[in-house]
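Notes to accompany the following structure.
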2 protein chains.
Amino acid sequence: MAATQAGTGRNGRRPSVTDVARLAGVSVGTVSNVLNRPENVAPPTRARVEAAIKELSFVRNASARQLRSGELNTVGAVVLDIANPFFTEMARGIEDRLAQDEYTLMLCSSDENPEREGRYLRLFEEHGVRGVIATPSEGSLDMLLAMRERGIDVVLLDHTSPLPDLPSVAVDDVGGGALATEHLLAQGHTRLAFLNGPLTLRQCVDRRDGVMQTLTAHGLDPATSLVEIPLEALNADGGDDGMRRLLAADGPTPTATFCVNDVTALGALRALRDLEVSVPGEMAVVGYDDVMFANMLATPLTSVRQPMYKMGWTAADMLLRRGSEDLAAEQVEFEPELVVRASSVPA
Amino acid sequence: MAATQAGTGRNGRRPSVTDVARLAGVSVGTVSNVLNRPENVAPPTRARVEAAIKELSFVRNASARQLRSGELNTVGAVVLDIANPFFTEMARGIEDRLAQDEYTLMLCSSDENPEREGRYLRLFEEHGVRGVIATPSEGSLDMLLAMRERGIDVVLLDHTSPLPDLPSVAVDDVGGGALATEHLLAQGHTRLAFLNGPLTLRQCVDRRDGVMQTLTAHGLDPATSLVEIPLEALNADGGDDGMRRLLAADGPTPTATFCVNDVTALGALRALRDLEVSVPGEMAVVGYDDVMFANMLATPLTSVRQPMYKMGWTAADMLLRRGSEDLAAEQVEFEPELVVRASSVPA
DNA sequence: GCGGCGCCATGAATCGTTACACTCAGACGC
DNA sequence: GCGTCTGAGTGTAACGATTCATGGCGCCGC
């Protein structure tokens, strides 16, 4: 009997509290109490209601619930590229911290496309998320600020905050770029290449600044000692293509390449292998992020390490703590760390 | 003036259509029309309403919207592990297909934890998602079936369907396990190891079946020719640990290892490197998935390739097409493909 | 000049849940 | 025996957007 009832699905609309109330012979208020304050309902009544819920396989309607009583335990996050281990590792950190407080995460990937990012942010807001963690691309900052004006907590991730009262978790990317460059200069390289992403991304700009500052600090002129290759895409294929373009270009070929992240470095190494250029002998390579597989590559990759998991965890933590305690905006900045491996130092 | 109005945020509640209507001097119905059927509103009126929307920085409330008019263009997906490139590549496929139809994706990671998976599925249902794409772990299948009874489209991903009318996208994992085993036997190995995940996961069971069938088909007794190592975790550390346990175990050490996926194979290779065991000389290694970095490792990894992106794309496509056309349940099965590299064949 | 037709805009009803003020019965104290 | 208190359950007004039957108004054709 229960089966016939419950199994009908698909045709009628979902059962509501009213249906449950009718079946259990109580009022809707009582059903709501069973759902939300069961201790206020006498055990026999509660049992009857629970039986009715099971019988109808009733599921609360989150929209109605939220419409009536405001808040929702969901946080939205927009990252640049979900296929990049750097971002998924951060996402894990976010998710783990949110799970502690029974929050859930809506994760979206903007593909570095501001329009897509905007669409997701709007969607989050329409859904009434409690807060947003975002790795903004250029132009979307205004939208985030506007959302904050409307009362949605915002934490920037992998992006230093441009405003004192906007919390953020970041890594000193200028320092990271400098770290990589210092290392290559110390190895005796004087002609460097930089495979970089679009300058609409803050990460790319900052790492570039670090490179530039370090070069000039060492008395080198970037115009002659640095070849910049703009990448089509910040993935392995982009890196592969960038390296091929670098090697095909006119003029003296650099002896060392700094890649703006490890995934592109992976592609660059692939191109070097295919073209039979020895690493680090003919071309030293340094990446950025130190993702899981960096130390397991054919040529283990020298990389600038970022504490990805911790960054994500911290961002989520700040968001949740802000919600409850309403404390001042923190701006956490982690220090990058150079991990030297065989791709930049001869054995 | 606009600024003072819009900038107040955080204190009052969000503006509603009523506020917009009042400011524009029209009725709520007209505001709704501007939002949903702008062609039915006279241009001057529309302009007035749009100005009011901007002035108040009004954002639609998705809960109310959905409560009244049913549907919502969101699809939920639960995958086993968001940090595994196999799943993120599938997620990209899903996302790209959904974006074509202006759908959005809520992505969650169950961590192979059925309880967590159940929580996410319930959340999806409460939110009224249009459909769910899931890589189910053991036990959650019942929940998915129940959701389908209640009218939510379900597509299984990376899981063959146990029921004729439940659509699914999968890969022949028995065949994949066989492929790997055939290959190792063809290389002359007779004592194999299998680093496998929990048998609560279908993938692990099927790949194991493929191994077993192949061994017996070749007249080998699994009891003597196969060492099974159950992994603590399906990530690099789990693989590292599993390989160490394998090497430390009593009895003759196998000469070849099949890892249930590439991420664990990466860990296994790491352990072998650290313990100075040569690959493939002393130990051949085969992985599964053929993720992006498999061919770039110190020892390029032989792996069983799965069309990850295409799987995700197809699953999303089936979901969307089902919604509109209401066609019969398809059960797509892709064929795995062995990619031989240096980790299993001496140079 | 009038019926009829489009075009626009209106506003009440509606979705499912929750909060809250309320009733009612029974227990208890004096 | 009367007031009071408590615990259990009730009924209804919100929440915010959408839908749809309704009606006013101007214009066209006969």
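Ordering of the structure tokens sets the chain letters (A, B, ...), residue numbers begin anew at 1 in every chain, and ligands are numbered from 1 in the order given.
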*Quick one: everything within 12 Å of Arg273 in chain B, counting only C-alpha atoms (C1' of nucleotides), minus sequence neighbours fewer than 4 positions away in the same chain. Send it as a list in words.*
Asn295, Met296, Leu297 and Ala298 of chain A; Asp240, Met243, Arg244, Leu266, Gly267, Ala268, Leu269, Val277, Ser278, Val279, Pro280, Glu282, Met283, Leu297, Ala298 and Thr299 of chain B
*Select all residues from chain B having any atom no more than 8 Å from an atom of chain A (counting only C-alpha atoms, ignoring ligands), output as a VMD selection string.*
chain B and resid 7 to 11 14 59 to 64 66 to 67 82 to 83 85 88 to 89 92 105 to 108 125 to 128 148 to 152 266 270 293 296 to 300
I need the residues from that last selection saved to file as a tab-separated table (two decimals), in the first residue's frame (with N, CA and C atoms), if you can.
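result33.tsv written:
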```tsv
chain	number	residue	atom	x	y	z
B	7	GLY	N	23.67	52.33	-1.90
B	7	GLY	CA	24.82	52.01	-1.06
B	7	GLY	C	24.49	51.65	0.37
B	8	THR	N	23.24	51.75	0.76
B	8	THR	CA	22.93	51.53	2.17
B	8	THR	C	23.12	50.09	2.62
B	9	GLY	N	22.82	49.17	1.76
B	9	GLY	CA	22.95	47.72	1.96
B	9	GLY	C	23.06	47.20	3.38
B	10	ARG	N	23.17	45.89	3.47
B	10	ARG	CA	23.56	45.21	4.70
B	10	ARG	C	22.57	45.35	5.85
B	11	ASN	N	21.90	46.50	5.96
B	11	ASN	CA	20.95	46.66	7.06
B	11	ASN	C	19.55	46.20	6.65
B	14	ARG	N	16.60	42.87	1.27
B	14	ARG	CA	16.78	43.08	-0.17
B	14	ARG	C	15.53	43.70	-0.76
B	59	VAL	N	17.82	42.52	-7.20
B	59	VAL	CA	18.22	41.19	-7.69
B	59	VAL	C	17.08	40.22	-7.43
B	60	ARG	N	16.67	39.52	-8.45
B	60	ARG	CA	15.57	38.56	-8.28
B	60	ARG	C	15.85	37.55	-7.18
B	61	ASN	N	14.85	37.17	-6.50
B	61	ASN	CA	14.97	36.15	-5.47
B	61	ASN	C	14.62	34.80	-6.09
B	62	ALA	N	15.66	33.98	-6.26
B	62	ALA	CA	15.46	32.71	-6.95
B	62	ALA	C	14.50	31.80	-6.21
B	63	SER	N	14.45	31.89	-4.90
B	63	SER	CA	13.57	31.00	-4.14
B	63	SER	C	12.11	31.29	-4.46
B	64	ALA	N	11.78	32.55	-4.40
B	64	ALA	CA	10.39	32.93	-4.65
B	64	ALA	C	10.01	32.59	-6.08
B	66	GLN	N	11.26	30.35	-8.02
B	66	GLN	CA	11.12	28.92	-8.25
B	66	GLN	C	9.89	28.37	-7.55
B	67	LEU	N	9.63	28.90	-6.38
B	67	LEU	CA	8.48	28.42	-5.61
B	67	LEU	C	7.21	28.57	-6.43
B	82	ILE	N	36.86	15.28	-5.98
B	82	ILE	CA	37.07	16.43	-6.83
B	82	ILE	C	38.54	16.72	-7.06
B	83	ALA	N	39.40	16.11	-6.26
B	83	ALA	CA	40.84	16.37	-6.43
B	83	ALA	C	41.46	15.42	-7.46
B	85	PRO	N	41.96	14.29	-11.15
B	85	PRO	CA	41.77	14.87	-12.47
B	85	PRO	C	40.76	14.12	-13.33
B	88	THR	N	37.51	15.80	-12.47
B	88	THR	CA	37.39	17.20	-12.87
B	88	THR	C	37.29	17.31	-14.39
B	89	GLU	N	37.94	16.39	-15.08
B	89	GLU	CA	37.83	16.41	-16.54
B	89	GLU	C	36.39	16.08	-16.95
B	92	ARG	N	34.23	19.10	-16.34
B	92	ARG	CA	34.31	20.10	-17.41
B	92	ARG	C	33.40	19.74	-18.56
B	105	LEU	N	25.67	24.26	-13.06
B	105	LEU	CA	26.03	23.02	-12.37
B	105	LEU	C	26.35	23.27	-10.91
B	106	MET	N	25.77	22.47	-10.06
B	106	MET	CA	26.22	22.44	-8.67
B	106	MET	C	27.06	21.19	-8.52
B	107	LEU	N	28.31	21.38	-8.20
B	107	LEU	CA	29.22	20.25	-8.16
B	107	LEU	C	29.62	19.95	-6.72
B	108	CYS	N	29.53	18.70	-6.34
B	108	CYS	CA	29.94	18.33	-5.00
B	108	CYS	C	30.77	17.06	-5.05
B	125	GLU	N	17.80	17.74	-4.05
B	125	GLU	CA	16.37	17.55	-4.20
B	125	GLU	C	15.58	18.67	-3.52
B	126	GLU	N	16.00	19.02	-2.34
B	126	GLU	CA	15.31	20.11	-1.65
B	126	GLU	C	15.37	21.39	-2.47
B	127	HIS	N	16.45	21.56	-3.19
B	127	HIS	CA	16.57	22.76	-3.99
B	127	HIS	C	15.84	22.65	-5.32
B	128	GLY	N	15.31	21.46	-5.59
B	128	GLY	CA	14.52	21.32	-6.80
B	128	GLY	C	15.33	21.33	-8.07
B	148	ARG	N	14.30	9.45	-8.49
B	148	ARG	CA	13.72	9.35	-9.82
B	148	ARG	C	12.22	9.10	-9.74
B	149	GLU	N	11.82	8.28	-8.77
B	149	GLU	CA	10.39	8.06	-8.56
B	149	GLU	C	9.67	9.38	-8.34
B	150	ARG	N	10.37	10.28	-7.72
B	150	ARG	CA	9.75	11.57	-7.41
B	150	ARG	C	9.89	12.55	-8.56
B	151	GLY	N	10.36	12.08	-9.69
B	151	GLY	CA	10.34	12.92	-10.88
B	151	GLY	C	11.61	13.67	-11.20
B	152	ILE	N	12.69	13.34	-10.54
B	152	ILE	CA	13.95	14.01	-10.85
B	152	ILE	C	14.73	13.13	-11.81
B	266	LEU	N	50.56	7.16	-9.52
B	266	LEU	CA	51.57	8.21	-9.29
B	266	LEU	C	52.23	8.01	-7.93
B	270	ARG	N	56.09	6.94	-6.97
B	270	ARG	CA	56.88	7.74	-6.04
B	270	ARG	C	57.57	6.83	-5.02
B	293	PHE	N	48.66	14.07	-16.96
B	293	PHE	CA	50.11	14.04	-16.70
B	293	PHE	C	50.73	12.65	-16.88
B	296	MET	N	53.81	12.32	-18.94
B	296	MET	CA	54.90	13.24	-18.63
B	296	MET	C	55.67	12.87	-17.38
B	297	LEU	N	55.35	11.73	-16.82
B	297	LEU	CA	56.02	11.35	-15.58
B	297	LEU	C	57.44	10.88	-15.84
B	298	ALA	N	58.21	10.81	-14.76
B	298	ALA	CA	59.60	10.36	-14.84
B	298	ALA	C	59.65	9.08	-15.66
B	299	THR	N	58.78	8.16	-15.30
B	299	THR	CA	58.57	7.00	-16.15
B	299	THR	C	57.17	7.16	-16.72
B	300	PRO	N	57.06	7.47	-17.98
B	300	PRO	CA	55.71	7.64	-18.55
B	300	PRO	C	54.86	6.42	-18.26
```
*Counting only C-alpha atoms (C1' of nucleotides), chain D residues within 8 Å of chain A, as an MDAnalysis selection string*: chainID D and resid 8:10 14:16
Show me, as CSV, the residues of chain C having an atom within 8 Å of chain A, each with the closest atom pair and its distance in Å, using only C-alpha atoms (C1' of nucleotides).
```
residue,atom,partner,partner_atom,distance
C:DG16,C1',A:Ala64,CA,5.1
C:DT17,C1',A:Arg65,CA,4.9
C:DT18,C1',A:Arg68,CA,6.0
```
*Expressed in Å to a single decimal, how great is the separation between CA of Val211 in chain A and CA of Val79 in chain A?*
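Going from CA of Val211 in chain A over to CA of Val79 in chain A covers 24.9 Å.
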_Residues within 9 Å of Glu330 in chain B, only C-alpha atoms (C1' of nucleotides), excluding chain neighbours under 6 positions, as a PyMOL selection string_ = chain B and resi 164-169+318
*Mind the document's chain letters and residue numbers, and return as a ChimeraX atom specification the residues of range 160-322 of chain A that DSSP labels helix (DSSP H, G or I).*
/A:173-186,202-217,222-225,236-248,262-274,294-296,308-322
*asked:* Going by DSSP on the backbone, which residues of range 7-127 of chain B come out as strand (DSSP E)? List them as an MDAnalysis selection string.
replied: chainID B and resid 74:79 104:109
Now that the selection is made, can you save its residues with all heavy atoms as a short mmCIF file (atom, residue, chain, number, x, y, z; two decimals), in the first residue's frame?
```cif
data_model
loop_
_atom_site.label_atom_id
_atom_site.label_comp_id
_atom_site.auth_asym_id
_atom_site.auth_seq_id
_atom_site.Cartn_x
_atom_site.Cartn_y
_atom_site.Cartn_z
N THR B 74 19.04 24.19 -13.02
CA THR B 74 20.25 23.76 -12.35
C THR B 74 20.30 22.24 -12.32
O THR B 74 19.28 21.58 -12.17
CB THR B 74 20.29 24.31 -10.92
OG1 THR B 74 20.25 25.73 -10.96
CG2 THR B 74 21.56 23.88 -10.21
N VAL B 75 21.49 21.74 -12.49
CA VAL B 75 21.70 20.31 -12.41
C VAL B 75 22.74 20.06 -11.33
O VAL B 75 23.69 20.82 -11.19
CB VAL B 75 22.21 19.77 -13.77
CG1 VAL B 75 22.75 18.37 -13.64
CG2 VAL B 75 21.10 19.84 -14.81
N GLY B 76 22.53 19.05 -10.55
CA GLY B 76 23.50 18.71 -9.52
C GLY B 76 24.35 17.54 -9.96
O GLY B 76 23.88 16.66 -10.67
N ALA B 77 25.59 17.55 -9.53
CA ALA B 77 26.45 16.41 -9.82
C ALA B 77 27.25 16.05 -8.58
O ALA B 77 27.75 16.94 -7.89
CB ALA B 77 27.40 16.72 -10.98
N VAL B 78 27.30 14.79 -8.31
CA VAL B 78 28.14 14.32 -7.20
C VAL B 78 29.19 13.40 -7.78
O VAL B 78 28.85 12.41 -8.44
CB VAL B 78 27.33 13.50 -6.17
CG1 VAL B 78 28.15 13.32 -4.91
CG2 VAL B 78 26.02 14.18 -5.85
N VAL B 79 30.43 13.72 -7.56
CA VAL B 79 31.50 12.84 -8.01
C VAL B 79 32.24 12.31 -6.79
O VAL B 79 32.05 12.79 -5.67
CB VAL B 79 32.47 13.58 -8.95
CG1 VAL B 79 31.76 14.06 -10.19
CG2 VAL B 79 33.15 14.72 -8.22
N THR B 104 23.09 25.56 -15.16
CA THR B 104 24.28 25.68 -14.34
C THR B 104 24.44 24.44 -13.48
O THR B 104 23.50 23.71 -13.22
CB THR B 104 24.23 26.91 -13.43
OG1 THR B 104 22.91 27.01 -12.91
CG2 THR B 104 24.59 28.15 -14.18
N LEU B 105 25.67 24.26 -13.06
CA LEU B 105 26.03 23.02 -12.37
C LEU B 105 26.35 23.27 -10.91
O LEU B 105 27.08 24.19 -10.58
CB LEU B 105 27.27 22.43 -13.06
CG LEU B 105 27.88 21.19 -12.41
CD1 LEU B 105 26.93 20.02 -12.53
CD2 LEU B 105 29.21 20.86 -13.06
N MET B 106 25.77 22.47 -10.06
CA MET B 106 26.22 22.44 -8.67
C MET B 106 27.06 21.19 -8.52
O MET B 106 26.56 20.09 -8.69
CB MET B 106 25.03 22.35 -7.71
CG MET B 106 24.40 23.67 -7.39
SD MET B 106 22.99 23.47 -6.25
CE MET B 106 23.84 23.11 -4.72
N LEU B 107 28.31 21.38 -8.20
CA LEU B 107 29.22 20.25 -8.16
C LEU B 107 29.62 19.95 -6.72
O LEU B 107 29.97 20.84 -5.97
CB LEU B 107 30.48 20.58 -8.98
CG LEU B 107 31.53 19.49 -9.06
CD1 LEU B 107 30.99 18.27 -9.76
CD2 LEU B 107 32.76 20.02 -9.76
N CYS B 108 29.53 18.70 -6.34
CA CYS B 108 29.94 18.33 -5.00
C CYS B 108 30.77 17.06 -5.05
O CYS B 108 30.66 16.26 -5.96
CB CYS B 108 28.72 18.10 -4.12
SG CYS B 108 27.70 19.56 -3.97
N SER B 109 31.55 16.89 -4.04
CA SER B 109 32.45 15.75 -3.97
C SER B 109 32.09 14.91 -2.75
O SER B 109 32.04 15.41 -1.63
CB SER B 109 33.87 16.29 -3.87
OG SER B 109 34.77 15.30 -3.54
#
```
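CA of Leu98 in chain B to CA of Asn113 in chain A spans 16.1 Å [interatomic distance, one decimal].
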_Using Å and a single decimal, report how far CA of Val174 in chain A sits from CA of Val154 in chain A._
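That distance, rounded to one decimal, is 23.8 Å.
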*Identify, on the basis of only C-alpha atoms (C1' of nucleotides), every residue whose closest approach to DG29 in chain C does not exceed 12 Å; exclude the query and any residue fewer than 4 positions from it along the same chain; express the result as a list in words.*
DC2, DG3, DT4 and DC5 of chain D
*Just the residues within 7 Å of range 181-194 of chain A, please, counting only C-alpha atoms (C1' of nucleotides), with nothing from its chain fewer than 6 positions along; format it as a PyMOL selection string.*
chain A and resi 211+214+225-229+254-259
